[in-house]
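S.K.: Structure file work_4.csv (CSV, C-alpha atoms and all ligand atoms) is given on the next line.
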```csv
chain,number,residue,atom,x,y,z
A,1,MET,CA,9.0,-27.0,-8.3
A,2,SER,CA,6.2,-25.2,-6.5
A,3,LEU,CA,5.1,-21.7,-7.6
A,4,ALA,CA,6.6,-20.3,-4.3
A,5,ALA,CA,9.9,-22.0,-5.0
A,6,LEU,CA,10.0,-20.6,-8.5
A,7,VAL,CA,9.2,-17.1,-7.2
A,8,ILE,CA,12.1,-17.4,-4.7
A,9,SER,CA,14.4,-18.6,-7.4
A,10,GLY,CA,13.7,-15.3,-9.3
A,11,ASP,CA,11.6,-16.6,-12.1
A,12,ARG,CA,9.8,-13.6,-13.6
A,13,ARG,CA,6.8,-15.5,-15.0
A,14,ALA,CA,6.3,-17.2,-11.7
A,15,LEU,CA,6.4,-13.9,-10.0
A,16,SER,CA,3.8,-12.5,-12.3
A,17,ARG,CA,1.6,-15.6,-11.8
A,18,ALA,CA,2.0,-15.4,-8.1
A,19,ILE,CA,0.9,-11.7,-7.9
A,20,THR,CA,-2.1,-12.5,-10.1
A,21,CYS,CA,-3.0,-15.4,-7.7
A,22,VAL,CA,-2.9,-13.2,-4.6
A,23,GLU,CA,-4.5,-10.3,-6.4
A,24,ASN,CA,-7.5,-12.4,-7.3
A,25,GLY,CA,-7.6,-14.2,-4.0
A,26,ASP,CA,-7.4,-17.5,-5.8
A,27,PRO,CA,-7.9,-20.7,-3.8
A,28,GLY,CA,-4.1,-21.3,-3.7
A,29,ALA,CA,-3.2,-17.8,-2.6
A,30,ARG,CA,-3.2,-18.6,1.1
A,31,ALA,CA,-0.9,-21.6,0.8
A,32,LEU,CA,1.4,-19.6,-1.6
A,33,LEU,CA,1.8,-16.7,0.9
A,34,GLU,CA,2.4,-19.2,3.7
A,35,GLU,CA,5.2,-20.8,1.7
A,36,LEU,CA,6.7,-17.4,0.9
A,37,TYR,CA,6.4,-15.8,4.3
A,38,PRO,CA,9.7,-17.0,5.8
A,39,ARG,CA,11.3,-14.8,3.0
A,40,VAL,CA,9.2,-11.7,3.7
A,41,GLY,CA,10.6,-8.7,5.5
A,42,ARG,CA,13.9,-8.0,3.8
A,43,ALA,CA,12.8,-5.5,1.2
A,44,ARG,CA,12.6,-1.8,1.9
A,45,ARG,CA,9.1,-0.7,1.2
A,46,ILE,CA,8.4,2.8,0.1
A,47,GLY,CA,5.1,4.3,-0.7
A,48,PHE,CA,4.5,7.3,-3.0
A,49,THR,CA,1.3,9.2,-3.0
A,50,GLY,CA,0.1,12.6,-4.2
A,51,PRO,CA,-2.5,14.3,-6.4
A,52,PRO,CA,-3.0,13.2,-10.0
A,53,GLY,CA,-0.3,14.2,-12.5
A,54,VAL,CA,2.3,15.5,-10.0
A,55,GLY,CA,4.9,13.2,-11.4
A,56,LYS,CA,4.7,10.1,-9.2
A,57,SER,CA,5.4,7.6,-11.9
A,58,THR,CA,8.2,9.7,-13.3
A,59,LEU,CA,9.8,10.0,-9.9
A,60,VAL,CA,9.4,6.3,-9.1
A,61,SER,CA,11.0,5.2,-12.4
A,62,GLU,CA,13.9,7.7,-11.9
A,63,LEU,CA,14.4,6.3,-8.4
A,64,ALA,CA,14.3,2.8,-9.8
A,65,LYS,CA,17.1,3.7,-12.2
A,66,HIS,CA,19.0,5.3,-9.3
A,67,TRP,CA,18.8,2.1,-7.2
A,68,ARG,CA,19.6,-0.1,-10.1
A,69,SER,CA,22.8,1.9,-10.6
A,70,LYS,CA,23.6,0.9,-7.0
A,71,ASN,CA,23.0,-2.7,-8.0
A,72,ARG,CA,19.8,-3.0,-6.0
A,73,THR,CA,16.8,-4.9,-7.5
A,74,VAL,CA,13.4,-3.1,-7.6
A,75,GLY,CA,9.8,-4.1,-7.5
A,76,ILE,CA,7.1,-1.5,-8.4
A,77,VAL,CA,3.3,-1.8,-7.7
A,78,ALA,CA,1.4,1.0,-9.4
A,79,VAL,CA,-2.1,1.4,-8.0
A,80,ASP,CA,-4.9,3.5,-9.3
A,81,PRO,CA,-7.9,3.3,-7.0
A,82,SER,CA,-9.9,5.9,-8.9
A,83,SER,CA,-10.1,4.4,-12.3
A,84,PRO,CA,-11.2,0.8,-13.0
A,85,PHE,CA,-9.1,-1.5,-15.2
A,86,THR,CA,-7.3,0.8,-17.7
A,87,GLY,CA,-6.1,3.3,-15.1
A,88,GLY,CA,-3.9,0.8,-13.4
A,89,ALA,CA,-2.6,-0.6,-16.7
A,90,LEU,CA,-1.8,2.8,-18.0
A,91,LEU,CA,0.3,3.7,-15.0
A,92,GLY,CA,2.4,0.7,-15.6
A,93,ASP,CA,2.7,1.5,-19.3
A,94,ARG,CA,3.9,5.0,-18.5
A,95,ILE,CA,6.6,3.7,-16.3
A,96,ARG,CA,7.5,1.0,-18.9
A,97,MET,CA,8.0,3.6,-21.5
A,98,ASN,CA,10.6,5.1,-19.4
A,99,SER,CA,12.8,2.1,-20.1
A,100,VAL,CA,13.2,0.8,-16.6
A,101,GLY,CA,10.7,-1.9,-17.5
A,102,MET,CA,13.2,-3.5,-19.9
A,103,ASP,CA,15.7,-4.0,-17.1
A,104,PRO,CA,15.5,-7.6,-15.7
A,105,GLY,CA,16.3,-6.2,-12.2
A,106,VAL,CA,13.0,-4.2,-12.2
A,107,PHE,CA,9.6,-5.8,-12.0
A,108,ILE,CA,6.5,-3.6,-12.5
A,109,ARG,CA,3.0,-4.5,-11.7
A,110,SER,CA,-0.1,-2.4,-12.2
A,111,MET,CA,-3.2,-2.8,-10.1
A,112,ALA,CA,-6.6,-1.5,-11.0
A,113,THR,CA,-9.6,-1.2,-8.8
A,114,ARG,CA,-11.4,-4.5,-8.2
A,115,GLY,CA,-14.4,-4.3,-6.0
A,116,ALA,CA,-14.0,-2.5,-2.8
A,117,LEU,CA,-11.1,-0.3,-2.0
A,118,GLY,CA,-10.3,-2.5,1.0
A,119,GLY,CA,-9.8,-5.4,-1.4
A,120,LEU,CA,-7.3,-3.3,-3.3
A,121,ALA,CA,-5.4,-2.4,-0.2
A,122,ARG,CA,-5.2,-6.1,0.7
A,123,ALA,CA,-4.1,-7.1,-2.8
A,124,THR,CA,-1.4,-4.4,-2.7
A,125,CYS,CA,-0.1,-5.7,0.6
A,126,ASP,CA,0.0,-9.2,-0.7
A,127,ALA,CA,1.7,-8.2,-3.9
A,128,CYS,CA,4.4,-6.4,-1.9
A,129,ASP,CA,4.9,-9.5,0.1
A,130,VAL,CA,5.4,-11.6,-3.0
A,131,LEU,CA,7.9,-9.1,-4.4
A,132,ASP,CA,9.7,-9.0,-1.1
A,133,ALA,CA,9.9,-12.8,-1.0
A,134,SER,CA,11.2,-12.8,-4.6
A,135,GLY,CA,14.3,-11.0,-3.3
A,136,LYS,CA,13.6,-7.4,-4.5
A,137,ASP,CA,15.7,-5.1,-2.4
A,138,VAL,CA,13.4,-2.1,-2.8
A,139,VAL,CA,9.6,-2.3,-3.3
A,140,MET,CA,7.9,0.9,-4.3
A,141,VAL,CA,4.1,1.4,-4.3
A,142,GLU,CA,2.6,4.3,-6.2
A,143,THR,CA,-0.9,5.4,-5.6
A,144,VAL,CA,-2.9,8.5,-6.4
A,145,GLY,CA,-3.6,10.1,-3.0
A,146,VAL,CA,-6.7,12.1,-2.9
A,147,GLY,CA,-8.6,10.7,0.0
A,148,GLN,CA,-8.3,8.8,3.2
A,149,SER,CA,-9.0,5.4,1.7
A,150,GLU,CA,-6.2,5.9,-1.0
A,151,ILE,CA,-3.9,6.9,1.8
A,152,GLU,CA,-4.5,3.6,3.5
A,153,ILE,CA,-2.9,1.8,0.5
A,154,VAL,CA,0.5,3.4,1.1
A,155,ARG,CA,0.3,2.6,4.8
A,156,VAL,CA,1.8,-0.8,4.1
A,157,THR,CA,5.2,0.7,3.6
A,158,ASP,CA,8.2,1.6,5.8
A,159,THR,CA,8.5,5.1,4.4
A,160,THR,CA,5.8,7.3,2.9
A,161,ILE,CA,6.7,9.9,0.3
A,162,VAL,CA,4.1,12.6,-0.4
A,163,ILE,CA,4.6,14.3,-3.8
A,164,LEU,CA,3.3,17.7,-4.6
A,165,SER,CA,3.8,20.1,-7.4
A,166,PRO,CA,3.7,23.9,-7.6
A,167,GLU,CA,0.8,23.7,-10.0
A,168,SER,CA,-2.9,23.6,-9.2
A,169,GLY,CA,-2.8,24.5,-5.5
A,170,ASP,CA,-1.7,21.0,-4.5
A,171,GLY,CA,-0.2,22.3,-1.3
A,172,VAL,CA,-3.4,23.7,0.1
A,173,GLN,CA,-5.3,20.6,-0.9
A,174,ALA,CA,-2.8,18.3,0.7
A,175,MET,CA,-2.9,20.1,4.0
A,176,LYS,CA,-6.7,19.8,4.0
A,177,SER,CA,-6.8,16.1,3.1
A,178,GLY,CA,-4.5,14.9,5.8
A,179,LEU,CA,-1.9,13.9,3.3
A,180,MET,CA,0.9,15.8,5.1
A,181,GLU,CA,0.4,13.9,8.3
A,182,ILE,CA,1.5,10.6,6.8
A,183,ALA,CA,4.6,12.1,5.0
A,184,ASP,CA,8.0,10.9,6.1
A,185,VAL,CA,9.5,12.8,3.1
A,186,ILE,CA,7.8,15.5,1.1
A,187,VAL,CA,8.9,15.9,-2.5
A,188,ILE,CA,8.1,19.0,-4.4
A,189,ASN,CA,8.3,17.9,-8.0
A,190,LYS,CA,8.2,20.0,-11.1
A,191,ALA,CA,10.6,22.4,-9.4
A,192,ASP,CA,11.5,23.6,-12.9
A,193,ARG,CA,8.1,25.3,-12.9
A,194,PRO,CA,7.5,28.6,-11.0
A,195,GLY,CA,6.3,28.4,-7.4
A,196,ALA,CA,8.3,25.6,-5.9
A,197,ASP,CA,10.0,27.8,-3.3
A,198,VAL,CA,6.6,29.4,-2.4
A,199,LEU,CA,5.1,26.0,-1.9
A,200,GLU,CA,8.0,24.8,0.3
A,201,THR,CA,7.6,27.9,2.5
A,202,GLN,CA,3.9,27.3,2.7
A,203,ILE,CA,4.5,23.7,3.8
A,204,ARG,CA,7.2,24.7,6.4
A,205,SER,CA,5.0,27.3,7.9
A,206,SER,CA,2.0,25.0,8.1
A,207,PHE,CA,4.2,22.5,10.1
A,208,GLU,CA,5.4,25.3,12.4
A,209,LEU,CA,1.8,26.3,13.1
A,210,SER,CA,0.8,22.8,14.0
A,211,THR,CA,2.5,21.8,17.2
A,212,SER,CA,1.9,18.1,16.6
A,213,ARG,CA,5.1,17.3,14.7
A,214,LEU,CA,8.3,18.6,13.2
A,215,PRO,CA,8.4,19.0,9.4
A,216,PRO,CA,9.7,15.9,7.6
A,217,ALA,CA,12.6,16.3,5.0
A,218,ILE,CA,11.5,18.3,2.1
A,219,VAL,CA,13.2,17.8,-1.3
A,220,GLN,CA,12.7,19.7,-4.5
A,221,THR,CA,12.9,17.6,-7.7
A,222,ALA,CA,12.4,17.9,-11.4
A,223,ALA,CA,11.9,14.2,-12.0
A,224,ALA,CA,11.5,14.6,-15.7
A,225,THR,CA,15.1,15.8,-16.0
A,226,GLY,CA,16.5,13.7,-13.2
A,227,LYS,CA,17.1,16.6,-10.9
A,228,GLY,CA,16.9,15.9,-7.2
A,229,ILE,CA,16.7,12.1,-7.5
A,230,ALA,CA,19.8,11.3,-5.6
A,231,GLU,CA,18.7,13.7,-2.9
A,232,THR,CA,15.3,12.0,-2.7
A,233,ALA,CA,16.9,8.6,-2.4
A,234,ALA,CA,19.2,10.0,0.3
A,235,ALA,CA,16.2,11.4,2.3
A,236,ILE,CA,14.4,8.1,2.0
A,237,GLU,CA,17.5,6.2,3.2
A,238,ALA,CA,18.0,8.6,6.0
A,239,HIS,CA,14.4,8.0,7.2
A,240,THR,CA,14.7,4.2,7.2
A,241,GLU,CA,18.2,4.4,8.9
A,242,LYS,CA,16.7,6.6,11.5
A,243,LEU,CA,13.9,4.1,12.2
A,244,GLU,CA,16.4,1.4,12.4
A,245,ARG,CA,18.8,3.3,14.6
A,246,GLU,CA,16.1,4.1,17.0
A,247,GLY,CA,14.9,0.5,17.0
A,248,LYS,CA,11.6,1.7,15.5
A,249,LEU,CA,11.4,-0.2,12.3
A,250,ARG,CA,10.0,-3.3,14.0
A,251,GLU,CA,7.6,-1.2,16.0
A,252,HIS,CA,6.5,0.6,12.8
A,253,ARG,CA,6.0,-2.7,11.0
A,254,ALA,CA,4.1,-4.1,14.0
A,255,ALA,CA,1.7,-1.1,13.8
A,256,ARG,CA,1.2,-1.7,10.1
A,257,LEU,CA,0.4,-5.3,10.8
A,258,ARG,CA,-2.0,-4.5,13.5
A,259,PHE,CA,-3.9,-2.4,11.1
A,260,ARG,CA,-3.7,-5.0,8.3
A,261,ILE,CA,-4.8,-7.9,10.4
A,262,ALA,CA,-7.7,-5.9,11.9
A,263,ARG,CA,-8.8,-5.2,8.3
A,264,LEU,CA,-8.5,-8.9,7.4
A,265,VAL,CA,-10.7,-9.8,10.4
A,266,GLU,CA,-13.4,-7.3,9.2
A,267,GLU,CA,-13.2,-8.6,5.6
A,268,ALA,CA,-13.4,-12.3,6.8
A,269,LEU,CA,-16.5,-11.6,8.9
A,270,SER,CA,-18.3,-9.7,6.1
A,271,SER,CA,-17.4,-12.4,3.6
A,272,ARG,CA,-18.6,-15.1,6.0
A,273,LEU,CA,-21.8,-13.3,6.5
A,274,ALA,CA,-22.3,-13.0,2.8
A,275,HIS,CA,-21.6,-16.7,2.2
A,276,ASP,CA,-23.5,-18.3,5.1
A,277,PRO,CA,-27.2,-18.4,4.3
A,278,ALA,CA,-28.1,-19.8,7.7
A,279,ALA,CA,-26.3,-16.9,9.5
A,280,ALA,CA,-27.9,-14.4,7.1
A,281,ALA,CA,-31.3,-15.8,7.8
A,282,TRP,CA,-30.7,-15.8,11.5
A,283,MET,CA,-29.6,-12.1,11.2
A,284,GLU,CA,-33.0,-11.4,9.7
A,285,THR,CA,-34.6,-12.8,12.9
A,286,ARG,CA,-32.4,-10.4,15.0
A,287,ILE,CA,-33.5,-7.5,12.8
A,288,GLU,CA,-37.1,-8.4,13.7
A,289,GLU,CA,-36.2,-8.3,17.4
A,290,VAL,CA,-34.5,-4.9,17.0
A,291,LEU,CA,-37.5,-3.5,15.1
A,292,ALA,CA,-39.8,-4.8,17.8
A,293,GLY,CA,-37.8,-3.0,20.4
A,294,ARG,CA,-36.6,-6.1,22.2
A,295,MET,CA,-33.0,-5.8,21.3
A,296,THR,CA,-30.4,-3.1,20.5
A,297,PRO,CA,-28.5,-3.2,17.2
A,298,GLY,CA,-25.3,-3.6,19.3
A,299,ASP,CA,-26.6,-6.7,21.0
A,300,ALA,CA,-27.8,-8.0,17.7
A,301,ALA,CA,-24.3,-7.5,16.2
A,302,GLU,CA,-22.8,-9.3,19.1
A,303,GLU,CA,-25.1,-12.3,18.6
A,304,VAL,CA,-24.4,-12.4,14.9
A,305,LEU,CA,-20.7,-12.2,15.7
A,306,ASP,CA,-20.9,-15.1,18.1
A,307,ARG,CA,-22.9,-17.1,15.7
A,308,LEU,CA,-20.5,-16.5,12.8
A,309,THR,CA,-17.4,-17.5,14.8
A,310,GLN,CA,-19.0,-20.5,16.5
A,311,GLY,CA,-20.3,-21.7,13.2
A,312,HIS,CA,-16.8,-21.5,11.8
A,313,THR,CA,-15.2,-23.3,14.7
A,314,ARG,CA,-17.8,-26.1,14.4
A,315,ARG,CA,-17.1,-26.4,10.7
A,316,ALA,CA,-13.3,-26.4,11.3
A,317,ALA,CA,-13.8,-29.2,13.9
A,318,ARG,CA,-16.0,-31.1,11.4
A,319,LEU,CA,-13.4,-30.7,8.6
A,320,ALA,CA,-10.6,-31.9,11.0
A,321,LYS,CA,-12.3,-35.2,11.5
A,401,LIG,N1,7.7,20.1,-16.0
A,401,LIG,C1,7.8,18.9,-15.4
A,401,LIG,N2,7.0,18.0,-15.8
A,401,LIG,C2,7.1,16.8,-15.2
A,401,LIG,C3,8.0,16.5,-14.2
A,401,LIG,N3,7.8,15.2,-13.8
A,401,LIG,C4,6.8,14.7,-14.5
A,401,LIG,N4,6.4,15.6,-15.4
A,401,LIG,C5,5.3,15.4,-16.3
A,401,LIG,O1,4.0,15.4,-15.7
A,401,LIG,C6,3.2,14.5,-16.3
A,401,LIG,C7,2.6,13.5,-15.3
A,401,LIG,O2,3.7,12.7,-14.9
A,401,LIG,P1,3.4,11.3,-14.2
A,401,LIG,O3,4.7,10.8,-13.7
A,401,LIG,O4,2.6,10.4,-15.1
A,401,LIG,O5,2.5,11.7,-13.0
A,401,LIG,P2,1.7,10.8,-12.0
A,401,LIG,O6,1.7,11.6,-10.7
A,401,LIG,O7,2.3,9.5,-11.9
A,401,LIG,O8,0.3,10.8,-12.6
A,401,LIG,P3,-1.0,9.9,-12.3
A,401,LIG,O9,-0.4,8.5,-12.0
A,401,LIG,O10,-1.8,9.9,-13.5
A,401,LIG,O11,-1.6,10.6,-11.1
A,401,LIG,C8,3.9,13.9,-17.5
A,401,LIG,O12,3.6,14.5,-18.6
A,401,LIG,C9,5.4,14.1,-17.0
A,401,LIG,O13,6.2,14.2,-18.1
A,401,LIG,C10,8.9,17.6,-13.8
A,401,LIG,O14,9.7,17.4,-12.9
A,401,LIG,N5,8.7,18.8,-14.5
A,402,MG,MG,1.4,7.6,-12.2
```
Let me see whether you can do it: turn the structure in this file into C-alpha cells.

M.R.:
Amino acid sequence: MSLAALVISGDRRALSRAITCVENGDPGARALLEELYPRVGRARRIGFTGPPGVGKSTLVSELAKHWRSKNRTVGIVAVDPSSPFTGGALLGDRIRMNSVGMDPGVFIRSMATRGALGGLARATCDACDVLDASGKDVVMVETVGVGQSEIEIVRVTDTTIVILSPESGDGVQAMKSGLMEIADVIVINKADRPGADVLETQIRSSFELSTSRLPPAIVQTAAATGKGIAETAAAIEAHTEKLEREGKLREHRAARLRFRIARLVEEALSSRLAHDPAAAAWMETRIEEVLAGRMTPGDAAEEVLDRLTQGHTRRAARLAK
C-alpha cells in the first residue's frame, strides 16, 4: 500500500510520516499530496490565534473533547512561530497532558519554526491537507498571534478564532495589531479572572467605532474549568453554517487558495533563483546594467523572471524527451 493509501485508511503512523514528509518538503511530498488531494476538503478547519499564554492550547483541547463527545474525529496542528524547535514540541506536550492525546480519535502534531515563516505557513497548510485527507472531521490550528506573519498562518482555515484574556492589556494590543479584523469569533478566556466584562465592552465599542464591520460573536470562557466550551463550539458552527447558507464557503476557500498559490509561486521563484547558478550569474550582469544607469530595477526583475520561467520550460521539455 502507498503512504497515501495508508493515510486514507486511518493508519496513525502513516499519518505521522506523511506530515513529516510534507513538513520537510521531501522529494515524495508532491506526489503524496497529489494522491491525497481528491480526499481534501471535507474537514472543518478552524484557526486559533491570540497572544502568548491566553489559553489557546487549553481551549483547543477542551474543544477537541467536546467534538469527540459528538463522535467527530479531530486533528490538531500546534504552531509556534516565535520559538525554534522546543516551542512547537512543548505546545503539543501541553495538549497531550490534557489527556485528549491518548484518544485515538485525536491526532496532535506540533510544528516549530523551520527557516522562513513563509515555509512554516506552507507546512501548516500541507499538514492540514494531510489531516483532512485522513478523514478528520475537524482540523484545528493553534498559533501564537502577535504579528501579521503569524496571522497568515491561521488564514488557511474556514473560521478564525481570536482568543484574548482580561490580563495584560491583551485587548488594546489586539486592536492595534490587526488581530480583530480577522476574527470570526472572539473568545475572552480566563473569564474567571476579573476584567472579562470590561474587555468585552471595550471590544464591542471598538467595533462600533469602526464602520468597517459588525462585531463577530463574542464568547466568554474559562477553558481551564470547561466553562463556555459548548457555547464556543456553537459559535464556530454558527459561523460555518452561515458561510454555507450564504454559499460563501467555496468563495472563502477560493480566496484562501488564491493567497496560498500566490505564495507558492513566490517561493518557487526564489528557490529557482537560489538553485540556478546560470540565472544568478545572469542576474549579476543585470545588476551591472542597473548600476550603470542603463536599466531600471523593475526591468531587470522582469528579465530575470523571463529567464527563470523560460529556463524552466526548456528543462521541462528536455526532461519530457
Ligand atoms: N485562570 C485561568 N487560567 C487558565 C484558563 N485557561 C488556561 N489557563 C492557564 O493559562 C496558562 C496558559 O495556558 P495555555 O493553554 O498553555 O495557553 P496558550 O495560549 O496555549 O499559551 P502559548 O501557546 O504558550 O501561547 C496555563 O497555566 C493554563 O492552565 C482559564 O480559563 N482561567
Ligand atoms: Mg499553546

S.K.: Using only C-alpha atoms and all ligand atoms, I'd like a table of the residues in chain A that come within 7 Å of ligand MG 402 (chain A); for each, show the closest atom pair and its distance in Å rounded to one decimal, ordered by chain and ascending number, as a Markdown table.

M.R.:
```
| residue | atom | partner | partner_atom | distance |
| --- | --- | --- | --- | --- |
| A:Gly53 | CA | A:MG402 | MG | 6.8 |
| A:Gly55 | CA | A:MG402 | MG | 6.7 |
| A:Lys56 | CA | A:MG402 | MG | 5.1 |
| A:Ser57 | CA | A:MG402 | MG | 4.0 |
| A:Leu91 | CA | A:MG402 | MG | 4.9 |
| A:Glu142 | CA | A:MG402 | MG | 7.0 |
```

S.K.: Give me the residues near region 120-132 of chain A as a ChimeraX atom specification, where near means some atom within 9 Å (using only C-alpha atoms) and where sequence neighbours in that chain fewer than 3 positions away do not count.

M.R.: /A:4,7,15,18-20,22-25,33,36-37,39-45,74-77,79,81,107,109,111-117,135-141,149-150,152-154,156-157,260,263-264

S.K.: What residues have any atom no more than 7 Å from ligand LIG 401 (chain A) when counting all atoms listed in the file, and can you list them as a PyMOL selection string?

M.R.: chain A and resi 50-59+91+94+144+189-193+221-225

S.K.: Would you kindly return, as a ChimeraX atom specification, each protein, DNA or RNA residue with an atom no farther than 12 Å from any atom of Ala280 (chain A), considering all atoms listed in the file and excluding same-chain residues fewer than 3 positions away?

M.R.: /A:269-277,283-287,301,304-305,307-308

S.K.: Mind checking which residues fall within 10 Å of Ser2 (chain A), counting all atoms listed in the file, ignoring those fewer than 2 positions away in the same chain, and posting them as JSON, numbers by chain?

M.R.: {"A": [4, 5, 6, 7, 8, 14, 32, 35]}

S.K.: How would the residues just picked look written out with C-alpha atoms as a PDB file, in the coordinates of the input?

M.R.:
```
ATOM      1  CA  ALA A   4       6.600 -20.300  -4.300  1.00  0.00           C
ATOM      2  CA  ALA A   5       9.900 -22.000  -5.000  1.00  0.00           C
ATOM      3  CA  LEU A   6      10.000 -20.600  -8.500  1.00  0.00           C
ATOM      4  CA  VAL A   7       9.200 -17.100  -7.200  1.00  0.00           C
ATOM      5  CA  ILE A   8      12.100 -17.400  -4.700  1.00  0.00           C
ATOM      6  CA  ALA A  14       6.300 -17.200 -11.700  1.00  0.00           C
ATOM      7  CA  LEU A  32       1.400 -19.600  -1.600  1.00  0.00           C
ATOM      8  CA  GLU A  35       5.200 -20.800   1.700  1.00  0.00           C
TER       9      GLU A  35
END
```

S.K.: Residues near Val187 (chain A), anyone? I mean within 9 Å using only C-alpha atoms, not counting same-chain ones fewer than 4 positions away, as a PDB file with C-alpha atoms, in the frame of the given file.

M.R.:
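Heads up, here's the output in part_28.pdb:
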```pdb
ATOM      1  CA  ILE A 161       6.700   9.900   0.300  1.00  0.00           C
ATOM      2  CA  VAL A 162       4.100  12.600  -0.400  1.00  0.00           C
ATOM      3  CA  ILE A 163       4.600  14.300  -3.800  1.00  0.00           C
ATOM      4  CA  LEU A 164       3.300  17.700  -4.600  1.00  0.00           C
ATOM      5  CA  SER A 165       3.800  20.100  -7.400  1.00  0.00           C
ATOM      6  CA  ALA A 217      12.600  16.300   5.000  1.00  0.00           C
ATOM      7  CA  ILE A 218      11.500  18.300   2.100  1.00  0.00           C
ATOM      8  CA  VAL A 219      13.200  17.800  -1.300  1.00  0.00           C
ATOM      9  CA  GLN A 220      12.700  19.700  -4.500  1.00  0.00           C
ATOM     10  CA  THR A 221      12.900  17.600  -7.700  1.00  0.00           C
ATOM     11  CA  THR A 232      15.300  12.000  -2.700  1.00  0.00           C
TER      12      THR A 232
END
```
